[in-house]
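A.B. asks: Below is the file input.cif, with mmCIF, C-alpha atoms.
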data_coords
#
loop_
_atom_site.label_atom_id
_atom_site.label_comp_id
_atom_site.auth_asym_id
_atom_site.auth_seq_id
_atom_site.Cartn_x
_atom_site.Cartn_y
_atom_site.Cartn_z
CA MET H 9 -21.56 -19.18 -13.12
CA GLU H 10 -17.93 -18.88 -14.25
CA LYS H 11 -16.49 -15.44 -15.03
CA ASP H 12 -13.70 -14.83 -17.53
CA MET H 13 -11.68 -11.82 -16.32
CA THR H 14 -9.47 -11.71 -19.41
CA LYS H 15 -12.00 -9.69 -21.42
CA GLY H 16 -13.86 -6.45 -20.73
CA SER H 17 -13.25 -3.32 -18.66
CA PRO H 18 -10.80 -4.02 -15.80
CA MET H 19 -12.50 -1.49 -13.51
CA ARG H 20 -15.93 -2.99 -14.13
CA LEU H 21 -14.65 -6.55 -13.70
CA ILE H 22 -12.77 -5.71 -10.51
CA LEU H 23 -15.79 -3.96 -9.01
CA GLY H 24 -18.14 -6.74 -10.08
CA PHE H 25 -15.89 -9.37 -8.53
CA ALA H 26 -14.85 -7.42 -5.44
CA VAL H 27 -18.30 -6.28 -4.27
CA PRO H 28 -19.57 -9.81 -3.53
CA LEU H 29 -16.21 -10.58 -1.93
CA LEU H 30 -16.60 -7.47 0.18
CA PHE H 31 -19.96 -8.66 1.48
CA GLY H 32 -18.32 -11.99 2.23
CA GLN H 33 -15.50 -10.33 4.14
CA ILE H 34 -17.97 -8.17 6.04
CA PHE H 35 -20.10 -11.10 7.05
CA GLN H 36 -17.04 -13.14 7.98
CA GLN H 37 -16.02 -10.31 10.27
CA PHE H 38 -19.63 -9.84 11.28
CA TYR H 39 -20.04 -13.24 12.83
CA SER H 40 -16.64 -12.84 14.47
CA MET H 41 -17.80 -9.45 15.73
CA VAL H 42 -21.02 -10.96 17.05
CA ASP H 43 -18.89 -13.26 19.20
CA THR H 44 -17.12 -10.22 20.59
CA ILE H 45 -20.31 -8.23 21.18
CA VAL H 46 -22.10 -11.09 22.92
CA VAL H 47 -19.03 -12.01 24.98
CA GLY H 48 -18.33 -8.40 25.96
CA LYS H 49 -21.93 -7.55 26.83
CA TYR H 50 -22.97 -10.78 28.56
CA LEU H 51 -19.71 -12.16 30.01
CA GLY H 52 -17.78 -8.97 30.85
CA VAL H 53 -14.44 -7.30 30.14
CA ASP H 54 -12.30 -10.25 31.30
CA ALA H 55 -14.09 -12.61 28.93
CA LEU H 56 -13.71 -10.06 26.13
CA ALA H 57 -10.00 -9.84 26.89
CA ALA H 58 -9.76 -13.65 26.96
CA VAL H 59 -11.08 -13.89 23.42
CA GLY H 60 -8.99 -10.94 22.30
CA ALA H 61 -5.79 -12.41 23.74
CA THR H 62 -6.11 -15.29 21.26
CA GLY H 63 -6.37 -12.99 18.25
CA SER H 64 -2.75 -13.07 17.15
CA VAL H 65 -2.21 -16.81 17.64
CA ASN H 66 -5.56 -17.40 15.93
CA PHE H 67 -4.31 -15.37 12.97
CA LEU H 68 -1.00 -17.25 13.07
CA ILE H 69 -2.66 -20.62 12.57
CA ILE H 70 -5.96 -19.88 10.82
CA GLY H 71 -4.20 -17.31 8.63
CA PHE H 72 -1.86 -20.06 7.44
CA CYS H 73 -4.88 -22.19 6.53
CA MET H 74 -6.47 -19.35 4.58
CA GLY H 75 -3.20 -18.48 2.83
CA VAL H 76 -2.57 -22.07 1.79
CA CYS H 77 -6.07 -22.37 0.33
CA SER H 78 -5.72 -19.10 -1.57
CA GLY H 79 -2.38 -20.29 -2.95
CA PHE H 80 -3.77 -23.66 -3.97
CA ALA H 81 -6.40 -21.88 -6.05
CA ILE H 82 -3.91 -19.84 -8.09
CA PRO H 83 -2.95 -22.65 -10.52
CA VAL H 84 -6.68 -23.34 -10.91
CA ALA H 85 -7.25 -19.71 -11.94
CA GLN H 86 -4.29 -19.82 -14.33
CA GLU H 87 -5.48 -23.02 -16.01
CA PHE H 88 -8.98 -21.56 -16.27
CA GLY H 89 -7.59 -18.45 -17.96
CA ALA H 90 -5.60 -20.66 -20.35
CA HIS H 91 -8.69 -22.89 -21.01
CA HIS H 92 -6.85 -26.07 -19.95
CA GLU H 93 -9.81 -27.83 -18.31
CA GLU H 94 -8.23 -31.25 -17.71
CA ASN H 95 -5.24 -29.73 -15.91
CA LEU H 96 -7.66 -27.54 -13.95
CA ARG H 97 -9.48 -30.61 -12.65
CA ARG H 98 -6.25 -32.36 -11.74
CA TYR H 99 -5.21 -29.34 -9.71
CA VAL H 100 -8.56 -29.35 -7.94
CA ALA H 101 -8.17 -33.04 -7.06
CA ASN H 102 -4.72 -32.51 -5.62
CA CYS H 103 -6.03 -29.47 -3.71
CA VAL H 104 -8.44 -31.83 -1.97
CA TRP H 105 -5.76 -34.38 -1.02
CA LEU H 106 -3.36 -31.73 0.23
CA SER H 107 -6.07 -29.94 2.21
CA ILE H 108 -6.99 -33.15 4.01
CA ILE H 109 -3.36 -33.83 4.94
CA PHE H 110 -2.68 -30.28 6.08
CA ALA H 111 -5.94 -30.05 8.06
CA VAL H 112 -5.47 -33.25 10.06
CA VAL H 113 -1.82 -32.64 10.90
CA MET H 114 -2.40 -29.04 11.93
CA ALA H 115 -5.51 -29.73 14.01
CA VAL H 116 -3.73 -32.39 16.07
CA ALA H 117 -0.50 -30.43 16.51
CA VAL H 118 -1.80 -27.00 17.45
CA SER H 119 -4.62 -28.27 19.67
CA ALA H 120 -2.02 -30.08 21.74
CA LEU H 121 0.21 -27.01 21.99
CA CYS H 122 -2.26 -24.15 22.39
CA ARG H 123 -2.02 -23.95 26.24
CA THR H 124 1.75 -23.75 26.03
CA ILE H 125 1.53 -21.06 23.36
CA LEU H 126 -0.75 -18.93 25.55
CA GLU H 127 1.66 -19.27 28.48
CA VAL H 128 4.65 -18.28 26.36
CA MET H 129 2.67 -15.23 25.23
CA ARG H 130 2.32 -14.16 28.89
CA THR H 131 -1.46 -14.24 28.77
CA PRO H 132 -2.68 -12.69 32.07
CA ALA H 133 -3.61 -15.25 34.73
CA ASN H 134 -7.14 -13.90 35.13
CA ILE H 135 -8.02 -14.63 31.47
CA ILE H 136 -5.79 -17.55 30.39
CA ASP H 137 -8.39 -20.25 31.12
CA GLY H 138 -11.00 -18.46 29.04
CA SER H 139 -8.48 -17.94 26.25
CA TYR H 140 -7.62 -21.63 26.24
CA ASN H 141 -11.27 -22.74 26.21
CA TYR H 142 -11.93 -20.52 23.20
CA ILE H 143 -8.88 -21.20 21.06
CA PHE H 144 -8.77 -24.96 21.70
CA ILE H 145 -12.20 -25.37 20.07
CA ILE H 146 -11.25 -23.07 17.18
CA PHE H 147 -8.15 -25.19 16.53
CA LEU H 148 -10.13 -28.44 16.68
CA GLY H 149 -12.20 -26.92 13.87
CA ILE H 150 -9.21 -26.45 11.53
CA PRO H 151 -10.54 -29.12 9.08
CA ILE H 152 -13.72 -27.04 8.85
CA THR H 153 -11.62 -23.95 8.13
CA TYR H 154 -9.94 -25.80 5.27
CA LEU H 155 -13.28 -27.03 3.93
CA TYR H 156 -14.78 -23.57 3.60
CA ASN H 157 -11.69 -21.70 2.47
CA MET H 158 -10.69 -24.32 -0.10
CA THR H 159 -14.13 -24.57 -1.71
CA ALA H 160 -14.57 -20.78 -1.64
CA ALA H 161 -11.10 -20.23 -3.17
CA ILE H 162 -11.80 -22.66 -6.02
CA LEU H 163 -15.12 -20.98 -6.78
CA ARG H 164 -13.41 -17.57 -6.82
CA SER H 165 -10.66 -18.87 -9.11
CA LEU H 166 -13.39 -19.69 -11.65
CA GLY H 167 -14.78 -16.17 -11.37
CA ASP H 168 -17.65 -16.91 -8.98
CA SER H 169 -17.24 -14.58 -6.02
CA ARG H 170 -20.96 -14.47 -5.18
CA THR H 171 -21.80 -18.01 -4.15
CA PRO H 172 -19.36 -18.23 -1.19
CA VAL H 173 -20.82 -14.97 0.06
CA ILE H 174 -24.38 -16.24 -0.05
CA PHE H 175 -23.49 -19.25 2.06
CA LEU H 176 -21.38 -17.13 4.39
CA VAL H 177 -24.31 -14.78 4.99
CA MET H 178 -26.45 -17.78 5.84
CA ALA H 179 -23.76 -19.05 8.22
CA ALA H 180 -23.42 -15.62 9.84
CA ILE H 181 -27.13 -15.53 10.65
CA ILE H 182 -26.94 -19.04 12.10
CA ASN H 183 -23.88 -17.98 14.10
CA ILE H 184 -25.81 -15.18 15.78
CA PHE H 185 -28.47 -17.55 17.04
CA LEU H 186 -25.87 -20.11 18.12
CA ASP H 187 -23.93 -17.42 20.03
CA LEU H 188 -27.00 -16.39 21.96
CA LEU H 189 -28.03 -20.01 22.51
CA CYS H 190 -24.64 -21.26 23.68
CA ILE H 191 -23.67 -18.26 25.81
CA ILE H 192 -26.98 -17.08 27.27
CA VAL H 193 -29.11 -20.22 27.35
CA PHE H 194 -26.57 -23.03 27.75
CA ARG H 195 -24.11 -20.83 29.71
CA MET H 196 -21.06 -22.27 27.94
CA GLY H 197 -18.99 -19.12 28.45
CA VAL H 198 -16.41 -18.16 25.82
CA ALA H 199 -16.34 -21.78 24.63
CA GLY H 200 -19.87 -21.25 23.36
CA ALA H 201 -18.69 -18.48 21.05
CA ALA H 202 -16.05 -20.82 19.60
CA VAL H 203 -18.56 -23.63 19.08
CA ALA H 204 -20.91 -21.23 17.28
CA THR H 205 -18.10 -20.11 14.96
CA VAL H 206 -17.00 -23.64 14.02
CA VAL H 207 -20.52 -24.95 13.44
CA SER H 208 -21.58 -21.99 11.31
CA GLN H 209 -18.42 -22.23 9.18
CA ALA H 210 -19.05 -25.95 8.68
CA ILE H 211 -22.48 -25.13 7.26
CA ALA H 212 -20.93 -22.61 4.83
CA GLY H 213 -18.24 -25.07 3.73
CA LEU H 214 -20.61 -27.96 3.12
CA SER H 215 -22.96 -25.68 1.21
CA CYS H 216 -20.12 -24.55 -1.10
CA LEU H 217 -19.09 -28.16 -1.68
CA ILE H 218 -22.59 -29.28 -2.66
CA PHE H 219 -23.04 -26.25 -4.91
CA MET H 220 -19.74 -26.92 -6.70
CA TYR H 221 -20.73 -30.50 -7.44
CA LYS H 222 -24.17 -29.61 -8.75
CA LYS H 223 -23.56 -26.37 -10.67
CA PHE H 224 -20.02 -26.62 -12.10
CA PRO H 225 -19.68 -29.37 -14.73
CA ILE H 226 -16.09 -28.26 -15.26
CA LEU H 227 -15.32 -29.57 -11.75
CA ARG H 228 -16.75 -33.07 -12.25
CA LEU H 229 -13.64 -35.21 -12.07
CA SER H 230 -13.08 -38.60 -13.63
CA LYS H 231 -11.53 -41.45 -11.64
CA ASP H 232 -8.19 -40.87 -13.33
CA GLU H 233 -8.26 -37.15 -12.58
CA TRP H 234 -8.73 -37.89 -8.87
CA ARG H 235 -5.31 -39.58 -8.71
CA TRP H 236 -2.49 -38.03 -6.73
CA LYS H 237 -0.01 -36.41 -9.10
CA ARG H 238 3.34 -35.38 -7.69
CA GLN H 239 3.98 -32.65 -10.23
CA PHE H 240 0.58 -31.05 -9.60
CA ALA H 241 0.89 -31.38 -5.82
CA GLY H 242 4.39 -29.92 -6.01
CA LYS H 243 3.22 -26.81 -7.86
CA LEU H 244 0.29 -26.40 -5.47
CA CYS H 245 2.63 -26.56 -2.49
CA GLY H 246 4.95 -24.11 -4.24
CA MET H 247 2.04 -21.65 -4.41
CA GLY H 248 0.14 -22.49 -1.23
CA ILE H 249 2.85 -22.92 1.39
CA PRO H 250 4.55 -19.57 0.69
CA MET H 251 1.17 -17.82 0.88
CA GLY H 252 0.40 -19.60 4.14
CA LEU H 253 3.82 -18.73 5.51
CA GLN H 254 3.33 -15.13 4.46
CA TYR H 255 0.25 -14.99 6.69
CA SER H 256 2.01 -16.82 9.53
CA ILE H 257 5.23 -14.85 9.34
CA THR H 258 3.16 -11.68 9.49
CA ALA H 259 1.33 -13.16 12.46
CA VAL H 260 4.58 -13.93 14.31
CA GLY H 261 5.06 -10.20 14.63
CA SER H 262 1.47 -9.94 15.85
CA VAL H 263 2.17 -12.63 18.47
CA VAL H 264 5.19 -10.67 19.70
CA LEU H 265 3.10 -7.52 19.80
CA GLN H 266 0.22 -9.32 21.57
CA SER H 267 2.68 -10.58 24.17
CA ALA H 268 3.78 -6.99 24.79
CA VAL H 269 0.14 -5.88 25.08
CA ASN H 270 -0.55 -8.75 27.48
CA GLY H 271 2.30 -7.43 29.62
CA ILE H 272 0.54 -4.07 29.93
CA GLY H 273 -2.54 -5.74 31.43
CA SER H 274 -6.02 -7.03 30.62
CA ALA H 275 -7.43 -3.48 30.23
CA ALA H 276 -5.01 -2.85 27.35
CA VAL H 277 -5.91 -6.24 25.88
CA ALA H 278 -9.60 -5.31 26.00
CA ALA H 279 -8.93 -1.96 24.27
CA VAL H 280 -6.93 -3.61 21.47
CA THR H 281 -9.59 -6.31 21.15
CA ALA H 282 -12.42 -3.82 20.71
CA GLY H 283 -10.40 -1.54 18.44
CA GLY H 284 -9.09 -4.48 16.47
CA LYS H 285 -12.55 -5.88 15.82
CA LEU H 286 -13.79 -2.56 14.47
CA ASN H 287 -10.58 -2.18 12.48
CA LEU H 288 -11.08 -5.60 10.87
CA MET H 289 -14.54 -4.59 9.76
CA LEU H 290 -13.27 -1.34 8.24
CA ILE H 291 -10.48 -3.02 6.28
CA CYS H 292 -12.72 -5.64 4.67
CA PRO H 293 -12.68 -3.75 1.33
CA PHE H 294 -8.89 -4.03 1.22
CA ASP H 295 -9.12 -7.79 1.72
CA ALA H 296 -11.72 -8.00 -1.05
CA MET H 297 -9.49 -5.99 -3.38
CA GLY H 298 -6.57 -8.30 -2.63
CA SER H 299 -8.51 -11.50 -3.31
CA THR H 300 -9.89 -9.95 -6.50
CA MET H 301 -6.42 -9.09 -7.78
CA ALA H 302 -5.18 -12.63 -7.10
CA THR H 303 -7.87 -14.08 -9.38
CA TYR H 304 -7.59 -11.24 -11.91
CA GLY H 305 -3.82 -11.58 -12.06
CA GLY H 306 -3.94 -15.38 -12.30
CA GLN H 307 -6.45 -15.48 -15.14
CA ASN H 308 -4.79 -12.73 -17.17
CA VAL H 309 -1.28 -14.11 -16.80
CA GLY H 310 -2.63 -17.52 -17.78
CA ALA H 311 -4.11 -15.88 -20.89
CA GLY H 312 -0.89 -13.94 -21.58
CA GLU H 313 -2.63 -10.56 -21.14
CA LEU H 314 0.03 -8.64 -19.21
CA GLU H 315 -1.17 -5.19 -20.30
CA ARG H 316 -4.54 -5.96 -18.71
CA VAL H 317 -2.73 -6.76 -15.47
CA ASP H 318 -1.26 -3.24 -15.45
CA ARG H 319 -4.65 -1.68 -16.15
CA GLY H 320 -6.27 -3.72 -13.42
CA LEU H 321 -3.61 -2.69 -10.92
CA LYS H 322 -4.16 0.99 -11.68
CA SER H 323 -7.94 0.65 -11.38
CA CYS H 324 -7.73 -1.17 -8.06
CA ILE H 325 -5.30 1.34 -6.56
CA ILE H 326 -7.73 4.15 -7.44
CA LEU H 327 -10.50 2.28 -5.63
CA GLY H 328 -8.20 1.69 -2.65
CA VAL H 329 -7.28 5.35 -2.29
CA ILE H 330 -10.91 6.49 -2.49
CA TYR H 331 -12.06 4.01 0.13
CA SER H 332 -9.12 4.82 2.44
CA MET H 333 -10.19 8.45 2.62
CA ILE H 334 -13.83 7.51 3.26
CA ALA H 335 -12.94 5.02 6.00
CA THR H 336 -10.63 7.48 7.75
CA ALA H 337 -13.40 10.08 7.82
CA VAL H 338 -15.83 7.54 9.29
CA VAL H 339 -13.37 6.62 12.05
CA TYR H 340 -12.79 10.22 13.08
CA ILE H 341 -16.48 11.13 13.00
CA ALA H 342 -18.13 8.00 14.41
CA GLY H 343 -15.40 5.66 15.64
CA ARG H 344 -16.01 6.21 19.34
CA TYR H 345 -19.73 5.49 18.96
CA LEU H 346 -19.04 2.33 16.96
CA LEU H 347 -16.76 1.07 19.72
CA LEU H 348 -19.78 1.05 22.05
CA LEU H 349 -20.84 -2.10 20.22
CA PHE H 350 -18.10 -3.87 22.18
CA LEU H 351 -17.64 -1.78 25.30
CA ASP H 352 -19.88 -0.20 27.89
CA ALA H 353 -19.86 3.61 27.99
CA GLY H 354 -18.69 3.43 31.60
CA GLU H 355 -15.37 1.85 30.56
CA THR H 356 -14.02 5.28 29.67
CA ALA H 357 -10.28 4.53 29.91
CA ILE H 358 -10.56 1.44 27.73
CA LEU H 359 -12.82 3.32 25.31
CA ASP H 360 -10.31 6.17 25.02
CA ASN H 361 -7.45 3.77 24.26
CA ALA H 362 -9.51 1.84 21.70
CA ASN H 363 -10.45 5.09 19.97
CA THR H 364 -6.81 6.17 19.80
CA PHE H 365 -5.92 2.77 18.34
CA ILE H 366 -8.43 2.92 15.47
CA ARG H 367 -7.70 6.56 14.65
CA THR H 368 -3.97 5.95 14.40
CA ASN H 369 -4.52 2.94 12.15
CA ALA H 370 -7.01 4.77 9.91
CA ILE H 371 -4.54 7.50 8.96
CA PHE H 372 -2.37 4.83 7.30
CA PHE H 373 -5.10 2.90 5.46
CA ILE H 374 -3.73 3.94 2.05
CA PHE H 375 -0.54 2.00 2.81
CA LEU H 376 -2.62 -1.05 3.74
CA ALA H 377 -4.52 -0.77 0.46
CA LEU H 378 -1.23 -0.99 -1.44
CA VAL H 379 -0.09 -3.96 0.65
CA ASN H 380 -3.15 -6.03 -0.19
CA ILE H 381 -3.50 -5.03 -3.84
CA VAL H 382 0.14 -5.46 -4.84
CA ARG H 383 0.88 -8.50 -2.70
CA PHE H 384 -2.10 -10.52 -3.91
CA LEU H 385 -1.49 -9.50 -7.51
CA ILE H 386 2.08 -10.78 -7.28
CA GLN H 387 0.77 -14.03 -5.84
CA GLY H 388 -1.85 -14.37 -8.57
CA MET H 389 0.86 -13.92 -11.18
CA GLY H 390 2.58 -17.00 -9.76
CA TYR H 391 5.25 -15.51 -7.48
CA SER H 392 3.96 -16.54 -4.08
CA LYS H 393 7.43 -16.88 -2.58
CA LEU H 394 7.99 -13.14 -2.83
CA ALA H 395 4.98 -12.58 -0.57
CA VAL H 396 6.89 -14.33 2.22
CA PHE H 397 9.40 -11.49 2.22
CA ALA H 398 6.61 -8.93 2.50
CA GLY H 399 5.38 -10.86 5.54
CA MET H 400 8.90 -10.77 6.98
CA PHE H 401 8.98 -6.99 6.68
CA GLU H 402 5.66 -6.80 8.55
CA MET H 403 6.97 -9.20 11.18
CA LEU H 404 10.08 -7.09 11.71
CA ALA H 405 8.02 -3.95 12.18
CA ARG H 406 5.64 -5.49 14.73
CA GLY H 407 8.50 -7.28 16.45
CA LEU H 408 10.39 -4.01 16.79
CA MET H 409 7.37 -2.42 18.39
CA GLY H 410 6.71 -5.37 20.69
CA PHE H 411 10.26 -5.94 21.88
CA ALA H 412 11.61 -2.39 21.99
CA LEU H 413 9.00 0.34 21.88
CA VAL H 414 5.91 -0.93 23.74
CA PRO H 415 7.94 -1.47 26.96
CA LEU H 416 9.20 2.12 26.64
CA PHE H 417 6.14 3.99 25.38
CA GLY H 418 3.24 1.74 26.38
CA PHE H 419 -0.09 1.78 24.59
CA ARG H 420 0.82 4.60 22.21
CA ALA H 421 3.46 2.38 20.60
CA VAL H 422 0.88 -0.40 20.16
CA CYS H 423 -1.23 1.99 18.08
CA PHE H 424 1.61 2.54 15.60
CA ALA H 425 2.56 -1.12 15.17
CA ASN H 426 0.18 -1.93 12.29
CA PRO H 427 0.92 1.29 10.34
CA LEU H 428 4.67 0.69 10.60
CA ALA H 429 4.17 -2.88 9.37
CA TRP H 430 2.19 -1.69 6.33
CA VAL H 431 4.84 0.88 5.41
CA PHE H 432 7.62 -1.71 5.75
CA ALA H 433 5.74 -4.14 3.51
CA ASP H 434 5.17 -1.49 0.82
CA ILE H 435 8.86 -0.67 0.77
CA PHE H 436 9.43 -4.24 -0.41
CA LEU H 437 6.32 -4.89 -2.49
CA ILE H 438 6.45 -1.98 -4.93
CA PRO H 439 9.95 -2.84 -6.27
CA ALA H 440 8.96 -6.52 -6.17
CA TYR H 441 6.03 -5.92 -8.52
CA ILE H 442 8.27 -4.05 -10.98
CA HIS H 443 10.63 -7.06 -10.96
CA VAL H 444 7.81 -9.58 -11.39
CA ARG H 445 6.26 -7.59 -14.19
CA LYS H 446 9.53 -7.50 -16.15
CA LYS H 447 10.19 -11.20 -15.56
CA THR H 448 6.69 -12.20 -16.63
CA ALA H 449 6.97 -10.07 -19.79
CA LYS H 450 10.16 -11.92 -20.78
CA ILE H 451 8.54 -15.33 -20.15
CA LEU H 452 5.48 -14.46 -22.24
CA ALA H 453 7.68 -13.09 -25.05
CA VAL H 454 9.58 -16.39 -25.22
CA GLN H 455 6.33 -18.38 -25.25
CA ARG H 456 5.01 -16.36 -28.20
CA GLU H 457 8.13 -16.93 -30.33
#
Written as structure tokens, that's how I'd like the structure from this file.
C.D. replies:
Amino acid sequence: MEKDMTKGSPMRLILGFAVPLLFGQIFQQFYSMVDTIVVGKYLGVDALAAVGATGSVNFLIIGFCMGVCSGFAIPVAQEFGAHHEENLRRYVANCVWLSIIFAVVMAVAVSALCRTILEVMRTPANIIDGSYNYIFIIFLGIPITYLYNMTAAILRSLGDSRTPVIFLVMAAIINIFLDLLCIIVFRMGVAGAAVATVVSQAIAGLSCLIFMYKKFPILRLSKDEWRWKRQFAGKLCGMGIPMGLQYSITAVGSVVLQSAVNGIGSAAVAAVTAGGKLNLMLICPFDAMGSTMATYGGQNVGAGELERVDRGLKSCIILGVIYSMIATAVVYIAGRYLLLLFLDAGETAILDNANTFIRTNAIFFIFLALVNIVRFLIQGMGYSKLAVFAGMFEMLARGLMGFALVPLFGFRAVCFANPLAWVFADIFLIPAYIHVRKKTAKILAVQRE
């Protein structure tokens, strides 16, 4: 079930690894999208806006969880590439201990503060109760988020990108039935959508855990390997925390922007919610490319194969450019019709704004492709801290839009916030990769002497 990415055609390996990841990303967005569709169709525009108003703070917290887990898995990928199995298992053990600590502390802290956060974000009075009911349950489920993302990240670090997808597909199907059951039958409102999401993710996480234990002998730890090791935990935190912060710092800009959108009114929130959900589905391939390059970079640096890293980067950028052009064409041809999944045709003003939002974003997809590919490759090579600066550039761009331009230009400025953030991040990331590449080459040259 393991896959060694240090041998063979980079393009073939990247495609073979990324395609299952892509299906995973799509289904992850799919069961999130189902929440939005069911909420929008059965509970109305205010309920849709209530869920949408939590998007940025959700990304702020859950994004940190996902980033930490991805970072924790990088040393595992590096040790796998270097064929150091005992160290690999010790890293996995310390991943478990750290994930438990992070999950409990975060769940308690953010659940207690989420109402205050929504008030600070100027969430409109007519939707704040629904927003709180939704996000409070999501935050209580943070340990479940860690369970799935940690097990999935470890499986991917060993080259298995398919298994997490299989269980995620299963969870997505369950989520659909739970959405309909909780919202339509039990009449739980937006809270029902949150319950469905947490329960379905728990099923995916537990399934990954059981599969790992049964199918991966390399992950069967001895009693000694289960012990807490400060040096291993320290390296994991050095990789995981910067990656988590990179997500969260990026999300701070999104929170500022969301606050500005909230100030425009719930109709604008609904337009961004619908457009954002479709946007997230369209950019799934970029997320898959990024996760692929993290594993590819980690394994090949661990094996000392820096030339293969360069070839993999070139191959992935080609894929990113091709998909960007296809996705942009789809948005301009069919975007308005796809938005009807979330909005009624009678909501013409909201539909027009949502369509403008996705079209503006689509034009700049090539810049987003570079952000994900280069940033995750740098992280996989062991330089997670640099990703924090990329997140800061994104935060500055969205913050500039939220504080200065949205109050002046309204919804049109909101549409350009993401593109500006992607361009800002690329301005940092491209020189950063050149620096990392040179530094890694020197380290490997010393090791070979």
A.B. asks: Each residue of stretch 273-323 of chain H lying at most 9 Å from stretch 386-391 of chain H should get a row with its shortest atom-to-atom pair and the distance in Å to one decimal, counting all atoms listed in the file; could you produce that, ordered by chain and increasing number, as a tab-separated table?
C.D. replies:
residue	atom	partner	partner_atom	distance
H:Ser299	CA	H:Gly388	CA	9.0
H:Met301	CA	H:Gly388	CA	7.0
H:Ala302	CA	H:Gly388	CA	4.0
H:Thr303	CA	H:Gly388	CA	6.1
H:Tyr304	CA	H:Gly388	CA	7.3
H:Gly305	CA	H:Gly388	CA	4.9
H:Gly306	CA	H:Gly388	CA	4.4
H:Gln307	CA	H:Gly388	CA	8.1
H:Asn308	CA	H:Met389	CA	8.3
H:Val309	CA	H:Met389	CA	6.0
H:Gly310	CA	H:Met389	CA	8.3
A.B. asks: Tell me which residues the PyMOL selection byres ((chain H and resi 168) around 8) grabs here, as a list in words.
C.D. replies: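 Here the PyMOL selection byres ((chain H and resi 168) around 8) matches Met9, Glu10, Lys11, Phe25, Leu163, Arg164, Ser165, Leu166, Gly167, Ser169, Arg170 and Thr171 of chain H.
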A.B. asks: As a PDB file with C-alpha atoms, keeping the file's coordinate frame, please: the residues near H:Arg238 (cut-off 12 Å, all atoms listed in the file, same-chain neighbours under 2 positions excluded).
C.D. replies:
ATOM      1  CA  ARG H  98      -6.250 -32.360 -11.740  1.00  0.00           C
ATOM      2  CA  TYR H  99      -5.210 -29.340  -9.710  1.00  0.00           C
ATOM      3  CA  ALA H 101      -8.170 -33.040  -7.060  1.00  0.00           C
ATOM      4  CA  ASN H 102      -4.720 -32.510  -5.620  1.00  0.00           C
ATOM      5  CA  CYS H 103      -6.030 -29.470  -3.710  1.00  0.00           C
ATOM      6  CA  TRP H 105      -5.760 -34.380  -1.020  1.00  0.00           C
ATOM      7  CA  LEU H 106      -3.360 -31.730   0.230  1.00  0.00           C
ATOM      8  CA  ARG H 235      -5.310 -39.580  -8.710  1.00  0.00           C
ATOM      9  CA  TRP H 236      -2.490 -38.030  -6.730  1.00  0.00           C
ATOM     10  CA  PHE H 240       0.580 -31.050  -9.600  1.00  0.00           C
ATOM     11  CA  ALA H 241       0.890 -31.380  -5.820  1.00  0.00           C
ATOM     12  CA  GLY H 242       4.390 -29.920  -6.010  1.00  0.00           C
ATOM     13  CA  LYS H 243       3.220 -26.810  -7.860  1.00  0.00           C
ATOM     14  CA  LEU H 244       0.290 -26.400  -5.470  1.00  0.00           C
ATOM     15  CA  CYS H 245       2.630 -26.560  -2.490  1.00  0.00           C
ATOM     16  CA  GLY H 246       4.950 -24.110  -4.240  1.00  0.00           C
TER      17      GLY H 246
END
A.B. asks: I want to know what sits within 8 Å of H:Asn157, based on only C-alpha atoms, with residues of the same chain fewer than 2 positions away left out; could you give that as a PyMOL selection string?
C.D. replies: chain H and resi 73-74+77-78+153-155+159-161+213
A.B. asks: Env of H:Arg406: 7 Å cut, atoms = only C-alpha atoms, seq-sep filter 3 positions within chain, self excluded. Answer as a PyMOL selection string.
C.D. replies: chain H and resi 261-262+265+402-403+409-410+425-426+429
A.B. asks: Which residue is closest to H:Ile211? Choose from H:Leu188, H:Asn183, H:Arg130, H:Val198 and count only C-alpha atoms.
C.D. replies: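 Nearest to H:Ile211: H:Asn183.
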A.B. asks: Name all residues at most 9 Å from H:Ser215 (count only C-alpha atoms; drop same-chain ones fewer than 4 positions away) and give them as a PyMOL selection string.
C.D. replies: chain H and resi 156+172+175+210-211+219-220
A.B. asks: Determine the nearest neighbour of H:Thr336 from the options H:Leu349, H:Val317, H:Ala111, H:Ile291, counting only C-alpha atoms.
C.D. replies: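 Nearest to H:Thr336: H:Ile291.
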A.B. asks: Could you name the residues that touch H:Pro132 at 8 Å or less, counting only C-alpha atoms, but leaving out those on the same chain fewer than 6 positions away, as a list in words?
C.D. replies: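 Once the nearby chain positions are removed, what remains is Asn270, Gly271, Gly273 and Ser274 of chain H.
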A.B. asks: Nearest residue to H:Arg195 out of H:Leu51, H:Leu23, H:Leu314, H:Ala335, using only C-alpha atoms?
C.D. replies: H:Leu51
A.B. asks: Hey, which of H:Gly149, H:Gly138, H:Gly298, H:Gly343 ends up closest to H:Val203? Count all atoms listed in the file.
C.D. replies: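 With all atoms listed in the file as the atom set, the closest residue is H:Gly149.
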A.B. asks: In Å, how far is it from atom CA of H:Ala342 to atom CA of H:Phe373?
C.D. replies: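 Atom-to-atom, atom CA of H:Ala342 to atom CA of H:Phe373, that is 16.6 Å.
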A.B. asks: Find the distance between atom CA of H:Ser17 and atom CA of H:Gly312 and write it in Å to one decimal.
C.D. replies: 16.6 Å
A.B. asks: Between H:Phe432, H:Phe424, H:Phe35, H:Phe417, which residue has the minimum interatomic distance to H:Ala212, considering all atoms listed in the file?
C.D. replies: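 Under the stated criterion, the closest residue is H:Phe35.
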A.B. asks: One decimal, in Å: what's the spacing between atom CA of H:Val118 and atom CA of H:Leu404?
C.D. replies: 23.9 Å
